[in-house]
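In what follows, a structure is listed as structure tokens, so that the remarks can point back to it.
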Amino acid sequence: MIIDSFDYESEAIVSPKVFFGERRKICDVAVGTFSREIYPAVLERFPNEKIGEMRAANRIKPVHLLTVNDKKIVFYLSEIGASLAGTDAIEINWCTGADKFILFGSAGSLDKKKTEGKYVVPSEAYRDEGMSYHYACPADYITIKNADVVEKIFIKHGMPFVKGRVWTTDAIYRETRGLAEKRKSEGCLAVEMELAGVQAVCDFHNIELYYFLVTGDVIDTEEYTADGLHEANHDMKKFYTALRIAEELGI
């Protein structure tokens with residue numbers, strides 16, 4: 001069973017070293033976006049240099065080093081889904097030495113009254129995906145350990161937010177009404193596709209993760225539409241919020 005997949009007694013067979021060589025140390029922080037629109041916009045607005053590539057059978061993805069206010073930040077376009085986003089974090093950490101990751105994504109709201117017009121700061125993520133069970137002991141939820149840090153930054157800068165549980169599932173077309181109602185009854189504010197797996201990977205590899213979401217589409221409605229999803233995915237303000245978090249962390 002998948003809940004038996006965390007093997008903490010033996011070593012992994014495959015290492016990033018096979019594909020990327022020896023570990024590198026370039027800088028401490030990495031910022032990842034899931035947005036195909038934010039990614040090129042950032043590269044247009046900030047000085048940057050290409051410092052590497054992540055290769056797969058279906059794509060070659062560059063990794064950039066940004067200069068922001070005289071600070072160096074690794075920047076990359078993250079894959080979607082817990083397994084691939086988590087793998088990106090592992091490979092970026094190996095190739096750049098970054099051990100503080102700031103990620104921001106979009107989510108479907110499970111409670112529009114609570115999330116509308118606000119950032120969502122996840123405190124726990126329901127593990128309805130496969131990646132986390134290979135990196136952490138089985139449990140329904142995983143704690144997002146730097147949620148309080150992100151919360152304090154949002155409070156300091158007067159940014160509207162709500163903090164609470166979210167539901168991670170990468171089965172995008174199987175978010176059923178019954179499951180949505182169940183997760184909402186447990187206090188989940190939104191549903192997204194990456195966080196539980198990425199947090200488990202970061203905990204396993206001693207990487208600090210700082211994560212926030214913006215909701216767009218609404219799941220708890222009688223008739224679903226994708227209204228608001230594009231803006232939630234591609235709002236450039238999210239990147240500047242990530243930079244604010246980096247600044248507050250002293251990076």
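Letters for chains follow the order of the structure tokens (A, B, ...), residue numbers begin at 1 for each chain, and ligand numbers begin at 1 in the order shown.
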**Report entry** Sel. of strand (DSSP E or B) residues, region 77-136 of chain A, as a list in words
**Finding:**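 Put together, the selection reads Leu77, Lys100, Phe101, Ile102, Leu103, Phe104, Gly105, Ser106, Ala107, Gly108, Ser109, Tyr119, Val120, Val121, Pro122, Ser123, Glu124, Ala125, Tyr126, Arg127 and Asp128 of chain A.
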For the selection just defined, write its residues with N, CA and C atoms to a file, as a PDB file, in the first residue's frame.
ATOM      1  N   LEU A  77      11.015  27.938 -13.253  1.00  0.00           N
ATOM      2  CA  LEU A  77       9.625  27.611 -13.541  1.00  0.00           C
ATOM      3  C   LEU A  77       9.376  26.192 -13.054  1.00  0.00           C
ATOM      4  N   LYS A 100      16.615  27.565   1.011  1.00  0.00           N
ATOM      5  CA  LYS A 100      15.407  28.290   1.389  1.00  0.00           C
ATOM      6  C   LYS A 100      14.601  28.498   0.110  1.00  0.00           C
ATOM      7  N   PHE A 101      13.432  27.888   0.050  1.00  0.00           N
ATOM      8  CA  PHE A 101      12.590  27.947  -1.145  1.00  0.00           C
ATOM      9  C   PHE A 101      11.322  28.728  -0.850  1.00  0.00           C
ATOM     10  N   ILE A 102      11.038  29.700  -1.707  1.00  0.00           N
ATOM     11  CA  ILE A 102       9.793  30.453  -1.633  1.00  0.00           C
ATOM     12  C   ILE A 102       8.984  30.098  -2.866  1.00  0.00           C
ATOM     13  N   LEU A 103       7.827  29.485  -2.640  1.00  0.00           N
ATOM     14  CA  LEU A 103       6.964  29.058  -3.741  1.00  0.00           C
ATOM     15  C   LEU A 103       5.581  29.666  -3.551  1.00  0.00           C
ATOM     16  N   PHE A 104       4.953  29.995  -4.660  1.00  0.00           N
ATOM     17  CA  PHE A 104       3.602  30.549  -4.609  1.00  0.00           C
ATOM     18  C   PHE A 104       2.799  29.951  -5.759  1.00  0.00           C
ATOM     19  N   GLY A 105       1.581  29.581  -5.452  1.00  0.00           N
ATOM     20  CA  GLY A 105       0.750  28.950  -6.464  1.00  0.00           C
ATOM     21  C   GLY A 105      -0.672  29.462  -6.416  1.00  0.00           C
ATOM     22  N   SER A 106      -1.510  28.813  -7.200  1.00  0.00           N
ATOM     23  CA  SER A 106      -2.935  29.126  -7.203  1.00  0.00           C
ATOM     24  C   SER A 106      -3.694  27.933  -6.648  1.00  0.00           C
ATOM     25  N   ALA A 107      -4.935  28.159  -6.277  1.00  0.00           N
ATOM     26  CA  ALA A 107      -5.738  27.103  -5.670  1.00  0.00           C
ATOM     27  C   ALA A 107      -7.209  27.352  -5.947  1.00  0.00           C
ATOM     28  N   GLY A 108      -7.974  26.280  -5.844  1.00  0.00           N
ATOM     29  CA  GLY A 108      -9.419  26.409  -5.907  1.00  0.00           C
ATOM     30  C   GLY A 108      -9.958  26.609  -4.502  1.00  0.00           C
ATOM     31  N   SER A 109     -10.825  27.564  -4.333  1.00  0.00           N
ATOM     32  CA  SER A 109     -11.365  27.859  -3.009  1.00  0.00           C
ATOM     33  C   SER A 109     -12.407  26.820  -2.597  1.00  0.00           C
ATOM     34  N   TYR A 119      -4.725  36.320   0.450  1.00  0.00           N
ATOM     35  CA  TYR A 119      -3.778  35.227   0.302  1.00  0.00           C
ATOM     36  C   TYR A 119      -4.199  34.083   1.233  1.00  0.00           C
ATOM     37  N   VAL A 120      -3.812  32.883   0.870  1.00  0.00           N
ATOM     38  CA  VAL A 120      -3.986  31.734   1.754  1.00  0.00           C
ATOM     39  C   VAL A 120      -2.607  31.293   2.231  1.00  0.00           C
ATOM     40  N   VAL A 121      -2.430  31.260   3.539  1.00  0.00           N
ATOM     41  CA  VAL A 121      -1.196  30.765   4.149  1.00  0.00           C
ATOM     42  C   VAL A 121      -1.500  29.375   4.699  1.00  0.00           C
ATOM     43  N   PRO A 122      -1.030  28.328   4.025  1.00  0.00           N
ATOM     44  CA  PRO A 122      -1.353  26.973   4.487  1.00  0.00           C
ATOM     45  C   PRO A 122      -0.625  26.622   5.780  1.00  0.00           C
ATOM     46  N   SER A 123      -1.370  26.028   6.709  1.00  0.00           N
ATOM     47  CA  SER A 123      -0.785  25.550   7.959  1.00  0.00           C
ATOM     48  C   SER A 123      -0.574  24.044   7.946  1.00  0.00           C
ATOM     49  N   GLU A 124      -1.433  23.331   7.230  1.00  0.00           N
ATOM     50  CA  GLU A 124      -1.320  21.890   7.031  1.00  0.00           C
ATOM     51  C   GLU A 124      -1.842  21.565   5.642  1.00  0.00           C
ATOM     52  N   ALA A 125      -1.363  20.447   5.087  1.00  0.00           N
ATOM     53  CA  ALA A 125      -1.844  20.015   3.771  1.00  0.00           C
ATOM     54  C   ALA A 125      -2.271  18.554   3.845  1.00  0.00           C
ATOM     55  N   TYR A 126      -3.483  18.277   3.371  1.00  0.00           N
ATOM     56  CA  TYR A 126      -3.973  16.905   3.312  1.00  0.00           C
ATOM     57  C   TYR A 126      -3.239  16.167   2.198  1.00  0.00           C
ATOM     58  N   ARG A 127      -2.734  14.987   2.502  1.00  0.00           N
ATOM     59  CA  ARG A 127      -1.808  14.279   1.618  1.00  0.00           C
ATOM     60  C   ARG A 127      -2.556  13.343   0.666  1.00  0.00           C
ATOM     61  N   ASP A 128      -3.261  13.921  -0.282  1.00  0.00           N
ATOM     62  CA  ASP A 128      -4.015  13.158  -1.270  1.00  0.00           C
ATOM     63  C   ASP A 128      -3.213  13.081  -2.572  1.00  0.00           C
TER      64      ASP A 128
END
Requested in this report: Find the residues near Trp167 (chain A): any atom within 7 Å, counting only C-alpha atoms, skip ones fewer than 6 places away on the same chain, and give them as a PyMOL selection string.
Outcome: chain A and resi 125-126+183+188+190-192
Write a file of the just-selected residues containing N, CA, C and O atoms, as a PDB file, in the first residue's frame.
ATOM      1  N   ALA A 125      -1.363  20.447   5.087  1.00  0.00           N
ATOM      2  CA  ALA A 125      -1.844  20.015   3.771  1.00  0.00           C
ATOM      3  C   ALA A 125      -2.271  18.554   3.845  1.00  0.00           C
ATOM      4  O   ALA A 125      -1.515  17.704   4.320  1.00  0.00           O
ATOM      5  N   TYR A 126      -3.483  18.277   3.371  1.00  0.00           N
ATOM      6  CA  TYR A 126      -3.973  16.905   3.312  1.00  0.00           C
ATOM      7  C   TYR A 126      -3.239  16.167   2.198  1.00  0.00           C
ATOM      8  O   TYR A 126      -3.150  16.643   1.073  1.00  0.00           O
ATOM      9  N   ARG A 183     -13.190  17.427   2.921  1.00  0.00           N
ATOM     10  CA  ARG A 183     -12.021  18.238   3.231  1.00  0.00           C
ATOM     11  C   ARG A 183     -12.436  19.571   3.857  1.00  0.00           C
ATOM     12  O   ARG A 183     -11.815  20.046   4.799  1.00  0.00           O
ATOM     13  N   CYS A 188     -10.291  22.587   5.610  1.00  0.00           N
ATOM     14  CA  CYS A 188      -9.497  22.969   4.441  1.00  0.00           C
ATOM     15  C   CYS A 188     -10.128  24.171   3.736  1.00  0.00           C
ATOM     16  O   CYS A 188     -11.331  24.177   3.460  1.00  0.00           O
ATOM     17  N   ALA A 190      -8.812  25.473   0.761  1.00  0.00           N
ATOM     18  CA  ALA A 190      -8.564  25.476  -0.672  1.00  0.00           C
ATOM     19  C   ALA A 190      -7.981  24.134  -1.090  1.00  0.00           C
ATOM     20  O   ALA A 190      -7.517  23.346  -0.260  1.00  0.00           O
ATOM     21  N   VAL A 191      -7.996  23.898  -2.390  1.00  0.00           N
ATOM     22  CA  VAL A 191      -7.415  22.688  -2.949  1.00  0.00           C
ATOM     23  C   VAL A 191      -6.359  23.081  -3.976  1.00  0.00           C
ATOM     24  O   VAL A 191      -6.570  23.971  -4.799  1.00  0.00           O
ATOM     25  N   GLU A 192      -5.189  22.445  -3.883  1.00  0.00           N
ATOM     26  CA  GLU A 192      -4.105  22.718  -4.819  1.00  0.00           C
ATOM     27  C   GLU A 192      -3.386  21.405  -5.124  1.00  0.00           C
ATOM     28  O   GLU A 192      -3.821  20.345  -4.678  1.00  0.00           O
TER      29      GLU A 192
END
**Report entry** Interatomic distance (Å, one decimal) between CA of Glu248 (chain A) and CA of Asp88 (chain A)
**Finding:**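 CA of Asp88 (chain A) lies at a distance of 24.4 Å from CA of Glu248 (chain A).
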Query raised in the report: So which residues touch Asp7 (chain A) within 10 Å, counting only C-alpha atoms, skipping near sequence neighbours fewer than 6 positions away, as a list in words?
Result: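 Once the adjacent positions are removed, what remains is Tyr133, His134, Tyr135, Ala136 and Cys137 of chain A.
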Could you save the residues just selected, with N, CA and C atoms, as an mmCIF file, in the first residue's frame?
data_model
loop_
_atom_site.group_PDB
_atom_site.id
_atom_site.type_symbol
_atom_site.label_atom_id
_atom_site.label_comp_id
_atom_site.auth_asym_id
_atom_site.auth_seq_id
_atom_site.Cartn_x
_atom_site.Cartn_y
_atom_site.Cartn_z
ATOM 1 N N TYR A 133 4.394 10.298 0.573
ATOM 2 C CA TYR A 133 4.489 9.021 1.281
ATOM 3 C C TYR A 133 5.835 8.330 1.083
ATOM 4 N N HIS A 134 6.652 8.849 0.184
ATOM 5 C CA HIS A 134 8.013 8.352 0.011
ATOM 6 C C HIS A 134 9.028 9.183 0.804
ATOM 7 N N TYR A 135 8.582 10.303 1.386
ATOM 8 C CA TYR A 135 9.489 11.217 2.078
ATOM 9 C C TYR A 135 9.100 11.485 3.535
ATOM 10 N N ALA A 136 7.976 10.947 3.974
ATOM 11 C CA ALA A 136 7.540 11.181 5.348
ATOM 12 C C ALA A 136 6.679 10.008 5.806
ATOM 13 N N CYS A 137 6.677 9.781 7.106
ATOM 14 C CA CYS A 137 5.842 8.729 7.669
ATOM 15 C C CYS A 137 4.372 8.999 7.330
#
Query raised in the report: Nearest to Tyr8 (chain A) among A:Phe204, A:Phe212, A:Phe20, A:Tyr240, with distances taken over only C-alpha atoms: which residue is it?
Result: A:Phe204
**Report entry** Test item: residues at most 10 Å from region 94-99 of chain A, only C-alpha atoms, excluding those fewer than 5 positions along its chain, as a PyMOL selection string
**Finding:** chain A and resi 15-17+20-31+51-54+63+65+73-74+88-89+202+205-209
Query raised in the report: Can you list, as number ranges by chain, every protein, DNA or RNA residue that comes within 10 Å of Phe239 (chain A) when you count only C-alpha atoms, leaving out same-chain residues fewer than 2 positions away?
Result: A: 31-33, 38-39, 42, 102-104, 234-237, 241-245
Report task. Would you please give, as a ChimeraX atom specification, all residues of region 18-163 of chain A that DSSP assigns to helix (DSSP H, G or I) based on the backbone? Result -> /A:18-20,38-45,82-96,112-115,131-134,147-156
Report task. Considering only C-alpha atoms, state which residue in the set A:Phe161, A:Ala85, A:Asp148, A:Met1 is at the smallest distance from Lys114 (chain A). Result ->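 Result for the nearest residue to Lys114 (chain A): A:Phe161.
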Requested in this report: Figure out the distance between CA of Glu129 (chain A) and CA of Ser83 (chain A), please, to one decimal in Å.
Outcome: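 Going from CA of Ser83 (chain A) over to CA of Glu129 (chain A), I get 8.3 Å.
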